Amino acid sequence: MTLSDNLKIYLAHALGIDIILSSVDMALLPFYIRKNFQVQCGMLCSRSVFFVLAQDDIFDKQSALDIENALKQVRDKLSCDPVLVINSLSRRERLQLVKRLISFVVPGVQMYLPELGIDFSEHIKEMRSLKAEKLRPAAQSLLIVQILTGRFQNCSLTEVAHSLGYTPMSIVRAANELEKLKLCDLNSTGNKKLIRFVSDKAKLWETARPHMKSPVKKRLSLLRDEGLVETLPLSGEYALSKYSNLSVSRKCYATSEATLKALENEKKIILADAHGDGIADLEIWTYKPDLTGHEMVDPLSLELSFADSSDARVKEALLNLKRNKSW
C-alpha cells in the first residue's frame with residue numbers, strides 16, 4: 001500500500017475519520033519540495049489540512065531545519081496547515097520535530113498534531129523500542145569497507161573521509177554513530193581522531209547486521225546499457241546469480257543519485273518509462289555502490305539489498321552467499 005493509503009487507514013482507526021484525500025497543485029512550490037514531497041489535502045477535525053508526504057530517507061538528505069523550512073513554504077504558498085507524513089521516525093528525529101512543534105503522522109505508530117490538540121505519543125515507546133536503530137548511509141558504508149578490507153583500522157577520520165569521498169564532518173558523525181552502538185572506539189592522538197574496530201570481522205558483522213538496512217533507494221530500468229559494464233557495478237539478482245545457482249539473464253546495475261544525474265547529463269544513461277521495461281535494471285543506492293572497486297557490488301551490501309525479499313529462489317541464493325563468506 002502507498003503512504004497515502006496507510007495514512008487513511010490509520011486516521012480511520014485512531015480517530016474514526018474516513019478522510020478523503022485529494023491531490024494538490026504543487027506548481028507554486030519550489031522544485032526541491034516537489035521532488036522530495038507529495039502534498040494531499042483533506043478535512044480533519046473540521047479543518048482543511050495539507051498532508052505533506054515524505055520519502056522514507058528524507059532525514060538522510062535533509063536536516064530537521066530544512067524540513068521545517070520546507071513546511072513553512074508549503075504553509076505560506078498554499079495558505080494551509082501542513083502535516084508531515086512519513087513511514088518511520090527514529091527517536092532522535094521525532095524529538096527534533098516535537099522541539100520545533102512540527103505536526104507529523106507516522107501511520108500505524110504515532111500522531112503529533114499540536115495545532116489540533118492531538119498527541120498520540122504514548123504509543124511510541126511500545127512500538128519503536130522493538131526496532132534497532134539503523135545506521136545512516138555514511139556509517140554503513142564505512143563499516144562495510146572496514147569489514148571487507150580492514151583498511152580503516154587505527155585510521156584517522158580525515159583519511160577515512162578522503163577514502164570514501166565524504167566530507168570530514170559526515171565521517172565524524174558516522175564514527176560517533178558507530179561508537180554509540182559500540183561498533184567502534186574513537187581515540188584522540190594530538191589533533192587527530194583515530195577509529196578502531198574489533199579484529200574479528202565475522203563478529204563485527206553479526207553485531208552490526210541488525211543496525212543495517214538495504215542501500216537500495218529505488219529501482220529503475222534502462223533503455224540501453226552500452227558501456228555501463230565498465231562504468232557501474234553489477235547488482236541485484238544478476239550479481240547474486242554469480243554467487244549461487246540462481247539463473248538470471250537480465251542485467252542490473254547500481255549507482256548513486258549523484259552519479260545517475262551526471263550520467264544522464266552526459267547522455268550515457270537513458271531511462272525506460274517504467275521499472276521492468278527496457279533491457280536492464282538500475283538500482284539507486286543511498287551510498288556509492290562501488291565500495292571495493294570491483295565489477296560487482298560488495299557481497300555484504302548485496303545481501304542487505306534483498307532484506308525484504310520473499311522470493312524463495314532469492315532466499316536460497318542468499319544462503320549460498322552467506323555460507324561462502326570468507327572473512
# chains A, B, ... in the order shown; residues from 1 in each chain; ligands from 1

$ residues_around --residues "A:Asp60" --least-positions-apart "2" --cutoff "8 Å" --atoms "only C-alpha atoms" --output "PDB file with N, CA and C atoms, in the first residue's frame"
ATOM      1  N   ASP A  57      13.630   8.189   3.314  1.00  0.00           N
ATOM      2  CA  ASP A  57      15.020   8.578   3.600  1.00  0.00           C
ATOM      3  C   ASP A  57      15.205  10.090   3.657  1.00  0.00           C
ATOM      4  N   ILE A  58      14.119  10.836   3.907  1.00  0.00           N
ATOM      5  CA  ILE A  58      14.201  12.290   3.863  1.00  0.00           C
ATOM      6  C   ILE A  58      15.213  12.832   4.870  1.00  0.00           C
ATOM      7  N   GLN A  62      18.081  15.630   4.271  1.00  0.00           N
ATOM      8  CA  GLN A  62      17.811  16.968   4.775  1.00  0.00           C
ATOM      9  C   GLN A  62      17.789  16.954   6.304  1.00  0.00           C
ATOM     10  N   SER A  63      18.146  18.083   6.884  1.00  0.00           N
ATOM     11  CA  SER A  63      18.108  18.223   8.339  1.00  0.00           C
ATOM     12  C   SER A  63      16.691  18.572   8.777  1.00  0.00           C
ATOM     13  N   ARG A 136      23.028   5.375   9.307  1.00  0.00           N
ATOM     14  CA  ARG A 136      22.896   6.219   8.132  1.00  0.00           C
ATOM     15  C   ARG A 136      23.877   5.740   7.064  1.00  0.00           C
ATOM     16  N   PRO A 137      23.678   6.150   5.799  1.00  0.00           N
ATOM     17  CA  PRO A 137      24.498   5.633   4.694  1.00  0.00           C
ATOM     18  C   PRO A 137      26.006   5.763   4.906  1.00  0.00           C
TER      19      PRO A 137
END

$ atom_distance --atom1 "atom CA of A:Ala54" --atom2 "atom CA of A:Phe37"
4.9 Å

$ residues_around --residues "stretch 95-110 of chain A" --least-positions-apart "4" --cutoff "6 Å" --atoms "only C-alpha atoms" --output "PDB file with N, CA and C atoms, in the first residue's frame"
ATOM      1  N   ASN A   6      -1.923   4.137   3.789  1.00  0.00           N
ATOM      2  CA  ASN A   6      -1.638   3.876   5.202  1.00  0.00           C
ATOM      3  C   ASN A   6      -2.146   5.004   6.097  1.00  0.00           C
ATOM      4  N   LEU A   7      -2.019   6.248   5.611  1.00  0.00           N
ATOM      5  CA  LEU A   7      -2.491   7.404   6.375  1.00  0.00           C
ATOM      6  C   LEU A   7      -4.003   7.332   6.583  1.00  0.00           C
ATOM      7  N   TYR A  10      -4.930   4.614   9.075  1.00  0.00           N
ATOM      8  CA  TYR A  10      -4.548   4.976  10.436  1.00  0.00           C
ATOM      9  C   TYR A  10      -5.508   6.005  11.029  1.00  0.00           C
ATOM     10  N   VAL A  83       1.012  19.070   7.552  1.00  0.00           N
ATOM     11  CA  VAL A  83       1.308  17.967   8.465  1.00  0.00           C
ATOM     12  C   VAL A  83       2.245  17.007   7.743  1.00  0.00           C
ATOM     13  N   LEU A  84       3.419  16.804   8.309  1.00  0.00           N
ATOM     14  CA  LEU A  84       4.383  15.880   7.722  1.00  0.00           C
ATOM     15  C   LEU A  84       3.906  14.444   7.932  1.00  0.00           C
ATOM     16  N   VAL A  85       3.964  13.632   6.863  1.00  0.00           N
ATOM     17  CA  VAL A  85       3.590  12.217   6.952  1.00  0.00           C
ATOM     18  C   VAL A  85       4.773  11.385   6.470  1.00  0.00           C
ATOM     19  N   ILE A  86       5.197  10.426   7.288  1.00  0.00           N
ATOM     20  CA  ILE A  86       6.358   9.609   6.951  1.00  0.00           C
ATOM     21  C   ILE A  86       6.174   8.210   7.542  1.00  0.00           C
ATOM     22  N   ASN A  87       6.748   7.205   6.907  1.00  0.00           N
ATOM     23  CA  ASN A  87       6.541   5.816   7.336  1.00  0.00           C
ATOM     24  C   ASN A  87       7.167   5.500   8.683  1.00  0.00           C
ATOM     25  N   SER A  88       8.344   6.101   8.986  1.00  0.00           N
ATOM     26  CA  SER A  88       9.005   5.794  10.256  1.00  0.00           C
ATOM     27  C   SER A  88       9.886   6.946  10.686  1.00  0.00           C
ATOM     28  N   PHE A 120      -0.670  11.470  20.194  1.00  0.00           N
ATOM     29  CA  PHE A 120      -0.728  10.039  20.473  1.00  0.00           C
ATOM     30  C   PHE A 120       0.658   9.493  20.749  1.00  0.00           C
ATOM     31  N   SER A 121       1.497  10.275  21.391  1.00  0.00           N
ATOM     32  CA  SER A 121       2.887   9.889  21.614  1.00  0.00           C
ATOM     33  C   SER A 121       3.037   8.739  22.606  1.00  0.00           C
TER      34      SER A 121
END

$ residues_around --residues "stretch 205-215 of chain A" --least-positions-apart "3" --cutoff "6 Å" --atoms "only C-alpha atoms" --output "list of chain:residue names"
A:Ala132, A:Glu133, A:Lys134, A:Leu135, A:Ala202, A:Trp285, A:Thr286, A:Leu304, A:Ser305

$ write_last_selection --atoms "N, CA and C atoms" --output "mmCIF file, in the first residue's frame"
data_model
loop_
_atom_site.group_PDB
_atom_site.id
_atom_site.type_symbol
_atom_site.label_atom_id
_atom_site.label_comp_id
_atom_site.auth_asym_id
_atom_site.auth_seq_id
_atom_site.Cartn_x
_atom_site.Cartn_y
_atom_site.Cartn_z
ATOM 1 N N ALA A 132 15.652 -1.890 16.059
ATOM 2 C CA ALA A 132 17.037 -1.473 16.275
ATOM 3 C C ALA A 132 17.298 -0.170 15.525
ATOM 4 N N GLU A 133 18.098 0.692 16.134
ATOM 5 C CA GLU A 133 18.452 1.950 15.478
ATOM 6 C C GLU A 133 19.265 1.649 14.222
ATOM 7 N N LYS A 134 18.881 2.252 13.109
ATOM 8 C CA LYS A 134 19.526 1.976 11.825
ATOM 9 C C LYS A 134 20.636 2.984 11.526
ATOM 10 N N LEU A 135 21.691 2.483 10.912
ATOM 11 C CA LEU A 135 22.820 3.332 10.533
ATOM 12 C C LEU A 135 22.468 4.185 9.327
ATOM 13 N N ALA A 202 33.886 -11.296 11.426
ATOM 14 C CA ALA A 202 32.613 -12.020 11.459
ATOM 15 C C ALA A 202 31.753 -11.552 12.641
ATOM 16 N N TRP A 285 21.259 3.725 -5.136
ATOM 17 C CA TRP A 285 21.679 3.417 -3.765
ATOM 18 C C TRP A 285 21.852 4.684 -2.934
ATOM 19 N N THR A 286 21.768 4.493 -1.615
ATOM 20 C CA THR A 286 21.938 5.620 -0.698
ATOM 21 C C THR A 286 23.406 5.957 -0.491
ATOM 22 N N LEU A 304 22.294 -7.173 1.961
ATOM 23 C CA LEU A 304 21.372 -6.213 2.572
ATOM 24 C C LEU A 304 20.297 -5.745 1.595
ATOM 25 N N SER A 305 20.648 -5.683 0.311
ATOM 26 C CA SER A 305 19.698 -5.175 -0.695
ATOM 27 C C SER A 305 18.491 -6.086 -0.869
#

$ select_by_dssp --residues "stretch 109-307 of chain A" --states "helix (DSSP H, G or I)" --output "NGL selection string"
:A and (114-116 or 121-128 or 137-149 or 157-164 or 168-180 or 201-211 or 236-241 or 257-265 or 299-305)

$ decode --residues "stretch 77-176 of chain A" --atoms "C-alpha atoms" --output "short mmCIF file (atom, residue, chain, number, x, y, z; two decimals), in the first residue's frame"
data_model
loop_
_atom_site.label_atom_id
_atom_site.label_comp_id
_atom_site.auth_asym_id
_atom_site.auth_seq_id
_atom_site.Cartn_x
_atom_site.Cartn_y
_atom_site.Cartn_z
CA LYS A 77 2.42 29.29 -0.61
CA LEU A 78 -0.74 27.22 -0.11
CA SER A 79 -2.19 29.04 2.94
CA CYS A 80 -2.73 25.84 4.87
CA ASP A 81 -1.82 23.84 7.97
CA PRO A 82 0.88 21.37 6.80
CA VAL A 83 1.31 17.97 8.46
CA LEU A 84 4.38 15.88 7.72
CA VAL A 85 3.59 12.22 6.95
CA ILE A 86 6.36 9.61 6.95
CA ASN A 87 6.54 5.82 7.34
CA SER A 88 9.00 5.79 10.26
CA LEU A 89 10.99 8.07 12.56
CA SER A 90 13.87 7.41 14.90
CA ARG A 91 13.62 8.71 18.47
CA ARG A 92 16.10 11.49 17.67
CA GLU A 93 14.17 12.58 14.56
CA ARG A 94 10.88 12.58 16.48
CA LEU A 95 12.35 14.77 19.23
CA GLN A 96 13.66 17.21 16.61
CA LEU A 97 10.17 17.56 15.13
CA VAL A 98 8.47 17.92 18.51
CA LYS A 99 11.04 20.53 19.58
CA ARG A 100 10.06 22.61 16.55
CA LEU A 101 6.32 22.00 17.09
CA ILE A 102 6.12 20.38 13.65
CA SER A 103 2.89 18.42 13.17
CA PHE A 104 3.51 14.88 11.94
CA VAL A 105 1.89 11.49 11.47
CA VAL A 106 3.62 8.12 11.32
CA PRO A 107 0.78 5.83 10.12
CA GLY A 108 0.17 2.93 12.48
CA VAL A 109 2.59 4.29 15.07
CA GLN A 110 2.15 7.86 16.26
CA MET A 111 0.46 11.19 15.70
CA TYR A 112 1.51 14.65 16.89
CA LEU A 113 -0.81 17.49 15.85
CA PRO A 114 -0.35 20.30 18.39
CA GLU A 115 -2.50 22.79 16.46
CA LEU A 116 -5.42 20.35 16.71
CA GLY A 117 -4.66 19.32 20.28
CA ILE A 118 -3.90 15.72 19.27
CA ASP A 119 -0.92 13.83 20.71
CA PHE A 120 -0.73 10.04 20.47
CA SER A 121 2.89 9.89 21.61
CA GLU A 122 2.07 7.28 24.27
CA HIS A 123 2.36 4.62 21.54
CA ILE A 124 5.96 5.49 20.72
CA LYS A 125 7.73 3.50 23.46
CA GLU A 126 5.61 0.44 22.86
CA MET A 127 6.29 0.24 19.11
CA ARG A 128 9.61 1.97 18.48
CA SER A 129 11.56 0.14 21.19
CA LEU A 130 11.23 -3.08 19.19
CA LYS A 131 13.26 -1.70 16.30
CA ALA A 132 17.04 -1.47 16.27
CA GLU A 133 18.45 1.95 15.48
CA LYS A 134 19.53 1.98 11.82
CA LEU A 135 22.82 3.33 10.53
CA ARG A 136 22.90 6.22 8.13
CA PRO A 137 24.50 5.63 4.69
CA ALA A 138 27.93 7.10 5.56
CA ALA A 139 28.24 4.99 8.71
CA GLN A 140 27.04 1.84 6.97
CA SER A 141 29.43 2.20 4.02
CA LEU A 142 32.35 2.97 6.38
CA LEU A 143 31.65 -0.17 8.41
CA ILE A 144 31.22 -2.39 5.34
CA VAL A 145 34.54 -1.28 3.86
CA GLN A 146 36.23 -1.98 7.20
CA ILE A 147 34.71 -5.47 7.43
CA LEU A 148 35.69 -6.33 3.86
CA THR A 149 39.17 -4.79 3.74
CA GLY A 150 40.24 -3.83 7.27
CA ARG A 151 41.87 -0.71 5.88
CA PHE A 152 40.37 1.74 8.37
CA GLN A 153 41.83 0.11 11.49
CA ASN A 154 43.57 2.83 13.55
CA CYS A 155 42.95 5.26 10.70
CA SER A 156 42.29 8.98 11.17
CA LEU A 157 38.78 10.18 10.38
CA THR A 158 40.25 12.62 7.85
CA GLU A 159 41.80 9.70 5.95
CA VAL A 160 38.51 7.80 6.10
CA ALA A 161 36.63 10.80 4.67
CA HIS A 162 39.14 11.15 1.82
CA SER A 163 38.96 7.43 1.02
CA LEU A 164 35.15 7.24 0.96
CA GLY A 165 34.54 10.61 -0.69
CA TYR A 166 32.52 12.05 2.20
CA THR A 167 33.08 15.37 3.93
CA PRO A 168 35.09 15.19 7.18
CA MET A 169 32.01 16.30 9.15
CA SER A 170 29.92 13.46 7.66
CA ILE A 171 32.53 10.92 8.72
CA VAL A 172 32.79 12.43 12.22
CA ARG A 173 29.02 11.98 12.57
CA ALA A 174 29.26 8.45 11.15
CA ALA A 175 32.05 7.49 13.54
CA ASN A 176 30.15 8.90 16.53
#
